[in-house]
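Visitor: Pasting a structure below so you can have a look.
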Amino acid sequence: MAKQDPDHQISAVRAFNRFYTRKLGVFDQHFMKSPFSLSEGRVLYELAHRKDLAAKEIGIELGLDPGYLSRLIQNFDEKGLITRKPLPSDRRQYQLSLTARGQQAFARLDRSSNDQVAAMLEVLAGGDRRRLVEAMAVIERLLDASRAPAPAILREPRPGDMGWVVQSHGALYAGDYGFDASFEALVAEIAAKFLSSFDASRERCWIADIEGMPVGSVFLVRHSDDVAKLRLLLVDPAGRGQGLGQRLVAECIAFAKASGYRKITLWTQSILLAARKIYQDSGFVLVASEPHRSFGQSLIGETWEREL
């Protein structure tokens, strides 16, 4: 899978923006068939959910032009939707609150919004609804720089996770290292073997999850009675920056000790610098290396081991 060029990515984002704004009716003169524009609806939402909000705060958070916001607030005031009182700290600024009429107007708008989204979701199958909501969460998480990243949780695999493991390995290694489809085939073979001959007393798979989305994986499988093998360590870019790779490897080490193994072995490639550092920091030692031609690339395979 070749990396997408920037022009293609820009076009894709713009196409999505056009589709979604059309889907929501953003360009209709009146938002949600209400008397309000989209901007007016957003201001009503903020006032309904936060008490004693200053006009300046709304303008900054919503990115509204001060002149436009001033006219919008004046219109709300004339319609009896809000009350305004000067801030004690700066009497040029106003503290805004919804009146009873304003609360009623927002309630009608809120019901219409809920009904529209419910109708949009109703035509989707249950699995598609879940995927849509998860995809929206990913978009929000990636584009909101001010949002603190949610911590990952480690869990057992669920139905569908093995497909994610195979797809994610194939896509990431093709994009970052130019690996061909034979690598994805190897990952699929490992995942299939784990599912078909899983020994719960001596084998485990952990999936790292952030807000319902898988972002990492690792497997610990039986290599021999005394030796476990660590396989398929992966941290998606969405899960990086919180020491997730180290956590996954630490889980493998702890489980291997509890299961009576005396050693963990793994096979990796010299070009996987981040993974190699995780192994080294976790107490693994490089015991062998050998050049080979695999996955469409000339590589140096490495065997690492850790005594338990």
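FYI, nothing fancy with the structure tokens labels: chains A, B, ... in order, residues from 1 per chain, ligands from 1 as they appear.
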If DSSP is run on the backbone, what residues of stretch 142-303 of chain A are alpha helix (DSSP H)? A reply as a PyMOL selection string would be ideal.

Guide: chain A and resi 142-143+161-177+181-196+244-258+273-281

Visitor: Got a sec to tell me which of stretch 45-249 of chain A DSSP assigns to strand (DSSP E), as a ChimeraX atom specification?

Guide: /A:53-54,82-87,90-98,153-155,204-210,213-222,227-235

Visitor: Could you pull the residues within 12 Å of A:Ser224, counting only C-alpha atoms, minus those fewer than 5 positions along the same chain, as a list in words?

Guide: Arg202, Glu203, Lys229, Gly260, Tyr261, Arg262, Lys263, Ile264 and Thr265 of chain A

Visitor: Using only C-alpha atoms, which of A:Arg158, A:Lys56, A:Arg111, A:Arg101 sits nearest A:Cys205?

Guide: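 Closest to A:Cys205 of all the choices is A:Arg158.
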
Visitor: Neighbouring residues of A:Ala54 were defined as those with any atom within 6 Å, considering only C-alpha atoms; residues of the same chain fewer than 2 positions away were excluded. Please report them as a list of chain:residue names.

Guide: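 Surrounding residues, per the criterion: A:Lys56, A:Glu57, A:Tyr94, A:Gln95, A:Leu96.
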
Visitor: Find the residue from A:Ser97, A:Ser259, A:Ser182, A:Gln280 that sits nearest to A:Leu308; use only C-alpha atoms when measuring.

Guide: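 With only C-alpha atoms as the atom set, the closest residue is A:Ser259.
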
Visitor: List the neighbours of A:Pro159 out to 12 Å using only C-alpha atoms; skip same-chain residues closer than 4 positions along the sequence, and give me the result as a CSV table (one decimal) with all heavy atoms, in the first residue's frame.

Guide:
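What ended up in selection.csv:
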```
chain,number,residue,atom,x,y,z
A,163,GLY,N,-9.3,-9.7,12.9
A,163,GLY,CA,-9.3,-9.0,11.6
A,163,GLY,C,-8.6,-7.7,11.6
A,163,GLY,O,-7.9,-7.3,10.7
A,164,TRP,N,-8.8,-7.0,12.8
A,164,TRP,CA,-8.1,-5.7,12.9
A,164,TRP,C,-6.6,-5.9,13.0
A,164,TRP,O,-5.9,-5.1,12.4
A,164,TRP,CB,-8.7,-5.0,14.2
A,164,TRP,CG,-7.9,-3.7,14.5
A,164,TRP,CD1,-8.2,-2.4,13.9
A,164,TRP,CD2,-6.8,-3.5,15.3
A,164,TRP,NE1,-7.3,-1.5,14.4
A,164,TRP,CE2,-6.4,-2.1,15.2
A,164,TRP,CE3,-6.0,-4.4,16.0
A,164,TRP,CZ2,-5.3,-1.6,15.9
A,164,TRP,CZ3,-4.9,-3.8,16.7
A,164,TRP,CH2,-4.5,-2.5,16.6
A,165,VAL,N,-6.2,-6.9,13.8
A,165,VAL,CA,-4.7,-7.1,13.9
A,165,VAL,C,-4.1,-7.4,12.5
A,165,VAL,O,-3.1,-6.8,12.2
A,165,VAL,CB,-4.5,-8.3,14.8
A,165,VAL,CG1,-3.0,-8.8,14.8
A,165,VAL,CG2,-4.9,-8.0,16.3
A,195,LEU,N,-6.2,-18.6,17.2
A,195,LEU,CA,-7.6,-18.9,17.4
A,195,LEU,C,-7.9,-20.4,17.4
A,195,LEU,O,-8.7,-20.9,18.2
A,195,LEU,CB,-8.4,-18.2,16.3
A,195,LEU,CG,-8.5,-16.7,16.4
A,195,LEU,CD1,-9.2,-16.1,15.1
A,195,LEU,CD2,-9.2,-16.2,17.6
A,207,ILE,N,-5.4,-6.7,23.6
A,207,ILE,CA,-5.7,-5.7,22.7
A,207,ILE,C,-5.7,-4.4,23.5
A,207,ILE,O,-6.4,-4.3,24.5
A,207,ILE,CB,-7.1,-5.9,22.0
A,207,ILE,CG1,-7.1,-7.2,21.2
A,207,ILE,CG2,-7.5,-4.7,21.1
A,207,ILE,CD1,-6.2,-7.2,20.0
```

Visitor: A:Asp5, A:Glu305, A:Glu211, A:Asp161: which is nearest A:Ala192, counting only C-alpha atoms?

Guide: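 Checking each candidate against A:Ala192, we get A:Asp161 as the closest.
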
Visitor: Please provide as a list in words all residues within 12 Å of stretch 63-74 of chain A, with the sequence filter that same-chain residues fewer than 6 positions apart are discarded (counting only C-alpha atoms).

Guide: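 Returned residues: Phe36, Ser37, Leu38, Ser39, Glu40, Gly41, Arg42, Val43, Leu44, Leu47, Ala54, Ala55, Lys56, Glu57, Gly80, Leu81, Ile82, Thr83, Arg84, Gln93, Tyr94, Gln95, Leu96, Ser97 and Leu98 of chain A.
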